[in-house]
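*Asks:* Here you go, one structure.
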Amino acid sequence: MLDRKFIRENLELVKNSNKNRNVKWDIDKFVKIDEALRKVTAELEDLNRQKNLANDEISKLLKEKKDAQPKIKSMKEISDRIDQNEAEAKKLEAELKELLISLPNICHSSLPLGPADKKKTVREGGNKPKFDFTPQTHIELAENLDIIDFKRATKITGSNFILYKGLGARLERALFNFMLDLHTQKHGYKEIFPPFLVNRASMTGTGQLPKMEEDMYRLKDDDLFLIPTAEVPVTNIFRDEVLDDGDLPIYYTAYTACFRREAGSYGKDTKGLMRVHQFDKVELVKFVKPETSYDELEKLVSNAEEVFQLLGLQYRIVMLPTEDLSFSASKCYDIEVYAPGINTWLECSSCSNFEDFQARRANIRYRDNKTKKTNFVHTLNGSGVALARTVIALLETCQQKDGTIMIPQALRPYMDGRQRIE
């Protein structure tokens with residue numbers, strides 16, 4: 001959420017950011033409500049001052065045994081006006097909050113302008129896989145090796161769910177254990193294992209609600225949501241808390257299953273593991289001081305990037321343009337991995353700096369030990385990494401002519417030293 005004073009003082013910046021995002025937001029309505037609220041608030045302050053003076057005068061008159069009735073009548077009129085103004089202020093506050101909660105974050109000035117096809121490649125890594133045979137898709141490989149059963153997953157639950165079997169299940173477990181060990185032992189993150197259900201306040205704090213509610217799985221009898229990403233519970237660990245600046249930066253990593261309905265996506269790249277409703281992911285979350293957040297973003301990207309380096313996959317890092325940016329992010333890099341069987345680049349990680357946008361919504365602050373003032377932290381998060389699409393790239397990149405899968409060296413300790421899936 002953006003600060004209303006910031007919006008008031010930077011109307012053109014907000015207008016241009018919304019224009020660059022291709023987002024319509026009624027800034028004139030904001031100005032009108034904001035001005036009305038400030039006027040009512042100023043009147044309330046004056047009325048309360050008058051009421052306090054009247055109280056003092058009435059006390060003095062009563063003490064002197066003089067007639068206080070005219071002054072009492074006057075104070076009652078003031079009290080009635082205070083009640084009216086308080087009701088009006090409460091109404092305007094609610095209207096303003098509803099408006100502000102739908103306003104996306106300000107785009108960082110470094111972002112390319114335009115839709116998704118304007119993304120900018122920042123760097124590339126890994127080598128393009130070469131084959132002396134026609135590579136199979138992950139669907140063909142998984143079914144031939146009997147490591148994923150798409151048909152029975154559909155029978156059990158429905159379309160776009162996954163049933164890993166045997167070495168497929170072991171590979172999935174190896175991947176997230178490998179990533180957790182990498183991020184905790186080398187990159188300095190503390191491991192968290194959070195709830196997979198969160199309340200509405202948590203979803204609102206990180207910006208999934210109200211904008212994306214139709215894409216979320218919500219329980220019928222409780223106002224709880226299956227998490228779309230570990231970003232939600234992990235970021236909300238410090239909701240409504242004040243941190244000590246000596247504790248910053250704080251790095252957390254968490255493995256969770258993730259659940260997304262993706263209500264508007266049916267028919268789009270839905271075969272195999274391309275777009276599933278439940279998937280495993282290791283998330284990276286940071287709480288940092290504002291002055292360091294963009295350096296921390298670059299480190300975050302490097303932490304996620306190392307996963308693909310160690311797995312021997314071809315990847316590229318792209319900076320998202322303004323119209324492809326998520327609601328809460330100010331700047332975001334995607335890491336895309338090449339899948340040779342389907343000849344496609346797949347987004348397998350997104351790394352974002354939200355600046356103080358989430359912290360304002362979730363009220364996460366820190367106290368400066370020098371000034372003793374409290375400020376909002378900056379929050380960041382990144383996939384470190386998401387597995388369904390990473391599994392696609394791994395299976396298709398590491399496939400052999402005989403249809404087996406060569407297991408990357410980094411994963412072999414997690415698979416009892418096994419070299420192949422066959």
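In the structure tokens, chains take letters A, B, ... by order of appearance, with residues numbered from 1 within each chain and ligands from 1 in the order shown.
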Among region 164-352 of chain A, which ones does DSSP assign to strand (DSSP E or B) (computed from the backbone)? Answer as a PyMOL selection string.

*Replies:* chain A and resi 164+190-192+197-199+218+224-226+241-244+250-259+278-288+315-319+331-339+344-352

*Asks:* Tell me, as a list in words, which residues lie within 6 Å of region 237-252 of chain A, counting only C-alpha atoms; anything in the same chain fewer than 6 positions away does not count.

*Replies:* Tyr189, Lys190, Glu191, Leu284, Val285, Lys286, Phe287, Val288, Ala362, Asn363, Ile364, Arg365, Tyr366, Arg367 and Asp368 of chain A

*Asks:* Keeping only C-alpha atoms, write those residues as an mmCIF file, in the first residue's frame.

*Replies:*
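New file part.cif:
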data_model
loop_
_atom_site.group_PDB
_atom_site.id
_atom_site.type_symbol
_atom_site.label_atom_id
_atom_site.label_comp_id
_atom_site.auth_asym_id
_atom_site.auth_seq_id
_atom_site.Cartn_x
_atom_site.Cartn_y
_atom_site.Cartn_z
ATOM 1 C CA TYR A 189 18.871 -18.163 5.170
ATOM 2 C CA LYS A 190 17.057 -19.558 8.203
ATOM 3 C CA GLU A 191 14.681 -22.410 7.377
ATOM 4 C CA LEU A 284 13.329 -16.952 -0.251
ATOM 5 C CA VAL A 285 12.076 -13.968 1.797
ATOM 6 C CA LYS A 286 14.049 -10.967 3.040
ATOM 7 C CA PHE A 287 13.320 -8.167 5.515
ATOM 8 C CA VAL A 288 15.858 -5.380 5.019
ATOM 9 C CA ALA A 362 1.080 -5.684 6.960
ATOM 10 C CA ASN A 363 2.433 -2.995 9.338
ATOM 11 C CA ILE A 364 5.986 -4.360 9.573
ATOM 12 C CA ARG A 365 8.387 -1.766 10.949
ATOM 13 C CA TYR A 366 11.831 -1.498 12.496
ATOM 14 C CA ARG A 367 13.179 0.885 15.108
ATOM 15 C CA ASP A 368 16.293 2.883 14.226
#

*Asks:* For Gly384 (chain A), find every residue with an atom within 12 Å (counting only C-alpha atoms), except residues of its own chain fewer than 2 positions away, and show them as a VMD selection string.

*Replies:* chain A and resid 175 to 184 187 189 229 to 231 252 to 256 280 to 285 300 to 308 334 to 335 348 to 351 381 to 382 386 to 387 390

*Asks:* Can you tell me, as a ChimeraX atom specification, what residues are no more than 7 Å from Ile317 (chain A) when counting only C-alpha atoms, ignoring any on the same chain fewer than 3 positions away?

*Replies:* /A:121-124,333-336

*Asks:* Using the selection just defined, write its residues with C-alpha atoms as a PDB file, in the first residue's frame.

*Replies:*
ATOM      1  CA  THR A 121      17.463 -10.082 -20.924  1.00  0.00           C
ATOM      2  CA  VAL A 122      20.011  -9.200 -18.236  1.00  0.00           C
ATOM      3  CA  ARG A 123      22.309 -12.209 -18.535  1.00  0.00           C
ATOM      4  CA  GLU A 124      22.373 -15.831 -19.627  1.00  0.00           C
ATOM      5  CA  TYR A 333      13.526 -10.370 -12.376  1.00  0.00           C
ATOM      6  CA  ASP A 334      12.360 -13.693 -13.784  1.00  0.00           C
ATOM      7  CA  ILE A 335      14.718 -16.605 -14.281  1.00  0.00           C
ATOM      8  CA  GLU A 336      13.665 -18.611 -17.309  1.00  0.00           C
TER       9      GLU A 336
END

*Asks:* Taking 2 positions as the minimum chain separation for residues in the same chain, which residues sit within 8 Å of Gly125 (chain A) when counting only C-alpha atoms? Answer as a list of chain:residue names.

*Replies:*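 Neighbouring residues, sequence-local ones excluded: A:Arg123, A:Asn127, A:Gln309, A:Gln314, A:Tyr315, A:Arg316.
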
*Asks:* Now that the selection is made, can you save its residues with N, CA and C atoms as a compact mmCIF listing (two decimals), in the first residue's frame?

*Replies:*
# COMPACT_ATOMS: atom_id res chain seq x y z
N ARG A 123 21.16 -11.33 -18.30
CA ARG A 123 22.31 -12.21 -18.54
C ARG A 123 21.81 -13.62 -18.79
N ASN A 127 24.79 -23.98 -20.72
CA ASN A 127 24.98 -24.27 -22.14
C ASN A 127 23.74 -24.91 -22.73
N GLN A 309 22.53 -23.20 -11.98
CA GLN A 309 23.93 -23.46 -12.31
C GLN A 309 24.35 -24.84 -11.84
N GLN A 314 20.30 -24.68 -18.78
CA GLN A 314 20.44 -23.43 -19.49
C GLN A 314 19.37 -22.45 -19.00
N TYR A 315 19.77 -21.22 -18.69
CA TYR A 315 18.81 -20.26 -18.15
C TYR A 315 19.15 -18.86 -18.64
N ARG A 316 18.20 -17.98 -18.45
CA ARG A 316 18.43 -16.55 -18.69
C ARG A 316 17.65 -15.76 -17.66

*Asks:* Restricting the calculation to only C-alpha atoms, which member of A:Asp215, A:Asp222, A:Glu88, A:Glu98 is positioned closest to Arg260 (chain A)?

*Replies:*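 Residue with the minimum atom-to-atom distance to Arg260 (chain A): A:Asp215.
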
*Asks:* Determine the nearest neighbour of Ala89 (chain A) from the options A:Lys370, A:Arg38, A:Lys128, A:Arg361, counting only C-alpha atoms.

*Replies:*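 Of the candidates, the smallest distance to Ala89 (chain A) is held by A:Arg38.
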
*Asks:* Please report, as JSON lines, each residue of region 212-280 of chain A lying at most 9 Å from region 134-150 of chain A, together with the nearest pair of atoms and the separation in Å rounded to one decimal; use only C-alpha atoms, and order rows by chain and ascending residue number.

*Replies:*
{"residue": "A:Lys271", "atom": "CA", "partner": "A:Ile139", "partner_atom": "CA", "distance": 8.2}
{"residue": "A:Gly272", "atom": "CA", "partner": "A:Ile139", "partner_atom": "CA", "distance": 5.7}
{"residue": "A:Leu273", "atom": "CA", "partner": "A:Ile139", "partner_atom": "CA", "distance": 8.0}

*Asks:* Could the residues in this selection be saved with N, CA and C atoms as an mmCIF file, in the first residue's frame?

*Replies:*
data_model
loop_
_atom_site.group_PDB
_atom_site.id
_atom_site.type_symbol
_atom_site.label_atom_id
_atom_site.label_comp_id
_atom_site.auth_asym_id
_atom_site.auth_seq_id
_atom_site.Cartn_x
_atom_site.Cartn_y
_atom_site.Cartn_z
ATOM 1 N N LYS A 271 -0.772 -28.803 -20.633
ATOM 2 C CA LYS A 271 -0.350 -30.202 -20.712
ATOM 3 C C LYS A 271 0.806 -30.483 -19.760
ATOM 4 N N GLY A 272 0.790 -31.702 -19.215
ATOM 5 C CA GLY A 272 1.898 -32.142 -18.377
ATOM 6 C C GLY A 272 2.066 -31.274 -17.152
ATOM 7 N N LEU A 273 3.306 -30.809 -16.929
ATOM 8 C CA LEU A 273 3.626 -30.019 -15.744
ATOM 9 C C LEU A 273 3.620 -28.517 -16.013
#

*Asks:* Just want the 8 Å neighbourhood of Gln358 (chain A), counted on only C-alpha atoms, with same-chain residues fewer than 3 positions away dropped. Output as a tab-separated table (two decimals) with C-alpha atoms, in the first residue's frame.

*Replies:*
chain	number	residue	atom	x	y	z
A	1	MET	CA	0.00	0.00	0.00
A	205	GLY	CA	-0.80	-7.99	3.68
A	206	THR	CA	1.26	-9.44	0.84
A	207	GLY	CA	-1.08	-8.16	-1.86
A	328	SER	CA	2.93	-5.52	-5.20
A	354	PHE	CA	8.36	-4.70	-2.93
A	355	GLU	CA	10.08	-1.79	-1.17
A	361	ARG	CA	-0.16	-3.26	4.29
A	362	ALA	CA	1.08	-5.68	6.96
A	378	HIS	CA	11.54	-3.28	2.73
A	379	THR	CA	10.46	-6.82	1.86

*Asks:* Using only C-alpha atoms, determine which residues lie at most 9 Å from region 102-112 of chain A, disregarding the query and same-chain residues fewer than 6 positions distant; provide the list as a VMD selection string.

*Replies:* chain A and resid 1 to 2 13 to 14 17 to 18 20 to 21 23 25 118 to 120 207 210 to 211 319 to 322 325 to 332 354 to 355 357

*Asks:* Write the residues of the selection above to a file with N, CA and C atoms, as a PDB file, in the first residue's frame.

*Replies:*
ATOM      1  N   MET A   1       0.851  -1.190   0.000  1.00  0.00           N
ATOM      2  CA  MET A   1       0.000   0.000   0.000  1.00  0.00           C
ATOM      3  C   MET A   1       0.886   1.238   0.000  1.00  0.00           C
ATOM      4  N   LEU A   2       0.506   2.232  -0.770  1.00  0.00           N
ATOM      5  CA  LEU A   2       1.263   3.467  -0.816  1.00  0.00           C
ATOM      6  C   LEU A   2       0.750   4.436   0.245  1.00  0.00           C
ATOM      7  N   LEU A  13       3.725  11.212 -10.573  1.00  0.00           N
ATOM      8  CA  LEU A  13       4.475   9.954 -10.519  1.00  0.00           C
ATOM      9  C   LEU A  13       3.515   8.766 -10.449  1.00  0.00           C
ATOM     10  N   VAL A  14       2.487   8.875  -9.611  1.00  0.00           N
ATOM     11  CA  VAL A  14       1.503   7.804  -9.483  1.00  0.00           C
ATOM     12  C   VAL A  14       0.735   7.622 -10.791  1.00  0.00           C
ATOM     13  N   SER A  17       3.048   5.926 -13.305  1.00  0.00           N
ATOM     14  CA  SER A  17       3.277   4.522 -12.963  1.00  0.00           C
ATOM     15  C   SER A  17       2.074   3.673 -13.355  1.00  0.00           C
ATOM     16  N   ASN A  18       0.874   4.162 -13.058  1.00  0.00           N
ATOM     17  CA  ASN A  18      -0.331   3.432 -13.438  1.00  0.00           C
ATOM     18  C   ASN A  18      -0.469   3.334 -14.950  1.00  0.00           C
ATOM     19  N   ASN A  20       2.013   3.328 -17.076  1.00  0.00           N
ATOM     20  CA  ASN A  20       3.020   2.370 -17.537  1.00  0.00           C
ATOM     21  C   ASN A  20       2.630   0.935 -17.235  1.00  0.00           C
ATOM     22  N   ARG A  21       1.878   0.750 -16.177  1.00  0.00           N
ATOM     23  CA  ARG A  21       1.380  -0.588 -15.832  1.00  0.00           C
ATOM     24  C   ARG A  21       0.142  -0.968 -16.652  1.00  0.00           C
ATOM     25  N   VAL A  23      -2.806   0.262 -15.944  1.00  0.00           N
ATOM     26  CA  VAL A  23      -3.770   0.077 -14.867  1.00  0.00           C
ATOM     27  C   VAL A  23      -4.608   1.348 -14.739  1.00  0.00           C
ATOM     28  N   TRP A  25      -6.819   3.594 -12.358  1.00  0.00           N
ATOM     29  CA  TRP A  25      -7.075   3.864 -10.930  1.00  0.00           C
ATOM     30  C   TRP A  25      -7.541   5.296 -10.821  1.00  0.00           C
ATOM     31  N   LYS A 118       8.255  -7.008 -23.977  1.00  0.00           N
ATOM     32  CA  LYS A 118       9.294  -5.981 -23.869  1.00  0.00           C
ATOM     33  C   LYS A 118      10.312  -6.306 -22.764  1.00  0.00           C
ATOM     34  N   LYS A 119      10.226  -7.498 -22.215  1.00  0.00           N
ATOM     35  CA  LYS A 119      11.168  -7.868 -21.156  1.00  0.00           C
ATOM     36  C   LYS A 119      12.602  -7.782 -21.661  1.00  0.00           C
ATOM     37  N   LYS A 120      13.512  -7.491 -20.747  1.00  0.00           N
ATOM     38  CA  LYS A 120      14.913  -7.258 -21.103  1.00  0.00           C
ATOM     39  C   LYS A 120      15.788  -8.372 -20.535  1.00  0.00           C
ATOM     40  N   GLY A 207      -0.555  -8.705  -0.619  1.00  0.00           N
ATOM     41  CA  GLY A 207      -1.080  -8.158  -1.863  1.00  0.00           C
ATOM     42  C   GLY A 207      -1.826  -9.128  -2.753  1.00  0.00           C
ATOM     43  N   PRO A 210      -7.152  -7.790  -2.395  1.00  0.00           N
ATOM     44  CA  PRO A 210      -8.342  -8.405  -2.983  1.00  0.00           C
ATOM     45  C   PRO A 210      -8.209  -8.747  -4.469  1.00  0.00           C
ATOM     46  N   LYS A 211      -7.139  -8.319  -5.116  1.00  0.00           N
ATOM     47  CA  LYS A 211      -7.023  -8.383  -6.571  1.00  0.00           C
ATOM     48  C   LYS A 211      -7.160  -9.792  -7.139  1.00  0.00           C
ATOM     49  N   MET A 319      14.510  -8.912 -16.942  1.00  0.00           N
ATOM     50  CA  MET A 319      13.853  -7.884 -16.151  1.00  0.00           C
ATOM     51  C   MET A 319      12.453  -7.667 -16.727  1.00  0.00           C
ATOM     52  N   LEU A 320      11.452  -7.776 -15.875  1.00  0.00           N
ATOM     53  CA  LEU A 320      10.079  -7.648 -16.354  1.00  0.00           C
ATOM     54  C   LEU A 320       9.744  -6.200 -16.687  1.00  0.00           C
ATOM     55  N   PRO A 321       8.987  -5.995 -17.773  1.00  0.00           N
ATOM     56  CA  PRO A 321       8.531  -4.643 -18.104  1.00  0.00           C
ATOM     57  C   PRO A 321       7.351  -4.237 -17.241  1.00  0.00           C
ATOM     58  N   THR A 322       6.975  -2.992 -17.347  1.00  0.00           N
ATOM     59  CA  THR A 322       5.990  -2.413 -16.438  1.00  0.00           C
ATOM     60  C   THR A 322       4.635  -3.115 -16.464  1.00  0.00           C
ATOM     61  N   LEU A 325       4.516  -6.583 -14.521  1.00  0.00           N
ATOM     62  CA  LEU A 325       4.928  -6.556 -13.127  1.00  0.00           C
ATOM     63  C   LEU A 325       3.757  -6.949 -12.227  1.00  0.00           C
ATOM     64  N   SER A 326       4.048  -7.690 -11.157  1.00  0.00           N
ATOM     65  CA  SER A 326       2.984  -8.066 -10.230  1.00  0.00           C
ATOM     66  C   SER A 326       2.479  -6.835  -9.476  1.00  0.00           C
ATOM     67  N   PHE A 327       1.299  -6.969  -8.906  1.00  0.00           N
ATOM     68  CA  PHE A 327       0.617  -5.870  -8.224  1.00  0.00           C
ATOM     69  C   PHE A 327       1.492  -5.219  -7.151  1.00  0.00           C
ATOM     70  N   SER A 328       2.204  -6.040  -6.360  1.00  0.00           N
ATOM     71  CA  SER A 328       2.929  -5.517  -5.196  1.00  0.00           C
ATOM     72  C   SER A 328       4.370  -5.130  -5.485  1.00  0.00           C
ATOM     73  N   ALA A 329       4.921  -5.605  -6.591  1.00  0.00           N
ATOM     74  CA  ALA A 329       6.354  -5.424  -6.853  1.00  0.00           C
ATOM     75  C   ALA A 329       6.664  -4.051  -7.430  1.00  0.00           C
ATOM     76  N   SER A 330       7.844  -3.560  -7.075  1.00  0.00           N
ATOM     77  CA  SER A 330       8.368  -2.349  -7.698  1.00  0.00           C
ATOM     78  C   SER A 330       9.350  -2.714  -8.811  1.00  0.00           C
ATOM     79  N   LYS A 331      10.033  -3.844  -8.639  1.00  0.00           N
ATOM     80  CA  LYS A 331      10.963  -4.346  -9.654  1.00  0.00           C
ATOM     81  C   LYS A 331      11.042  -5.847  -9.528  1.00  0.00           C
ATOM     82  N   CYS A 332      11.123  -6.540 -10.669  1.00  0.00           N
ATOM     83  CA  CYS A 332      11.133  -8.007 -10.644  1.00  0.00           C
ATOM     84  C   CYS A 332      12.010  -8.558 -11.760  1.00  0.00           C
ATOM     85  N   PHE A 354       9.644  -5.359  -3.147  1.00  0.00           N
ATOM     86  CA  PHE A 354       8.358  -4.697  -2.928  1.00  0.00           C
ATOM     87  C   PHE A 354       8.533  -3.343  -2.248  1.00  0.00           C
ATOM     88  N   GLU A 355       9.804  -2.981  -1.951  1.00  0.00           N
ATOM     89  CA  GLU A 355      10.080  -1.789  -1.166  1.00  0.00           C
ATOM     90  C   GLU A 355       9.224  -1.847   0.110  1.00  0.00           C
ATOM     91  N   PHE A 357       5.926  -1.505   0.259  1.00  0.00           N
ATOM     92  CA  PHE A 357       4.530  -1.683  -0.126  1.00  0.00           C
ATOM     93  C   PHE A 357       3.840  -2.743   0.731  1.00  0.00           C
TER      94      PHE A 357
END

*Asks:* Can you list, as a ChimeraX atom specification, every residue of region 98-172 of chain A that DSSP puts in helix (DSSP H, G or I)?

*Replies:* /A:98-100,116-118,138-145,150-156,166-172

*Asks:* Keeping C-alpha atoms for every residue in the selection just given, could you write it to a file as a short mmCIF file (atom, residue, chain, number, x, y, z; two decimals), in the first residue's frame?

*Replies:*
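So the final result, stored in selection-v2.cif, reads:
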data_model
loop_
_atom_site.label_atom_id
_atom_site.label_comp_id
_atom_site.auth_asym_id
_atom_site.auth_seq_id
_atom_site.Cartn_x
_atom_site.Cartn_y
_atom_site.Cartn_z
CA GLU A 98 -10.84 0.63 -0.19
CA LEU A 99 -9.37 2.84 -2.90
CA LEU A 100 -5.78 2.62 -1.66
CA ALA A 116 5.45 -8.89 -21.49
CA ASP A 117 7.24 -9.05 -24.86
CA LYS A 118 9.29 -5.98 -23.87
CA HIS A 138 8.82 -34.44 -20.23
CA ILE A 139 5.39 -36.05 -20.64
CA GLU A 140 6.80 -38.83 -22.83
CA LEU A 141 9.82 -39.30 -20.58
CA ALA A 142 7.77 -39.37 -17.38
CA GLU A 143 5.24 -41.85 -18.72
CA ASN A 144 7.86 -44.15 -20.27
CA LEU A 145 9.86 -44.20 -17.04
CA PHE A 150 -0.98 -37.79 -15.08
CA LYS A 151 -4.10 -39.86 -15.72
CA ARG A 152 -4.45 -41.19 -12.17
CA ALA A 153 -3.78 -37.71 -10.72
CA THR A 154 -6.77 -36.50 -12.74
CA LYS A 155 -8.84 -39.41 -11.44
CA ILE A 156 -7.87 -38.69 -7.83
CA GLY A 166 8.89 -43.99 -7.38
CA LEU A 167 12.00 -42.19 -8.59
CA GLY A 168 9.83 -39.28 -9.71
CA ALA A 169 8.74 -38.72 -6.10
CA ARG A 170 12.31 -39.22 -4.96
CA LEU A 171 13.55 -36.66 -7.50
CA GLU A 172 11.01 -34.11 -6.27
#

*Asks:* For Gly312 (chain A), which of A:Leu394, A:Ile405, A:Met75, A:Ala201 is the closest residue, counting only C-alpha atoms?

*Replies:*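 The answer is A:Leu394, which sits nearest to Gly312 (chain A).
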
*Asks:* Pick the closest to Leu311 (chain A) from A:Leu380, A:Ala257, A:Met406, A:Ala87: which is it, counting only C-alpha atoms?

*Replies:*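 Smallest separation from Leu311 (chain A) among the options: A:Met406.
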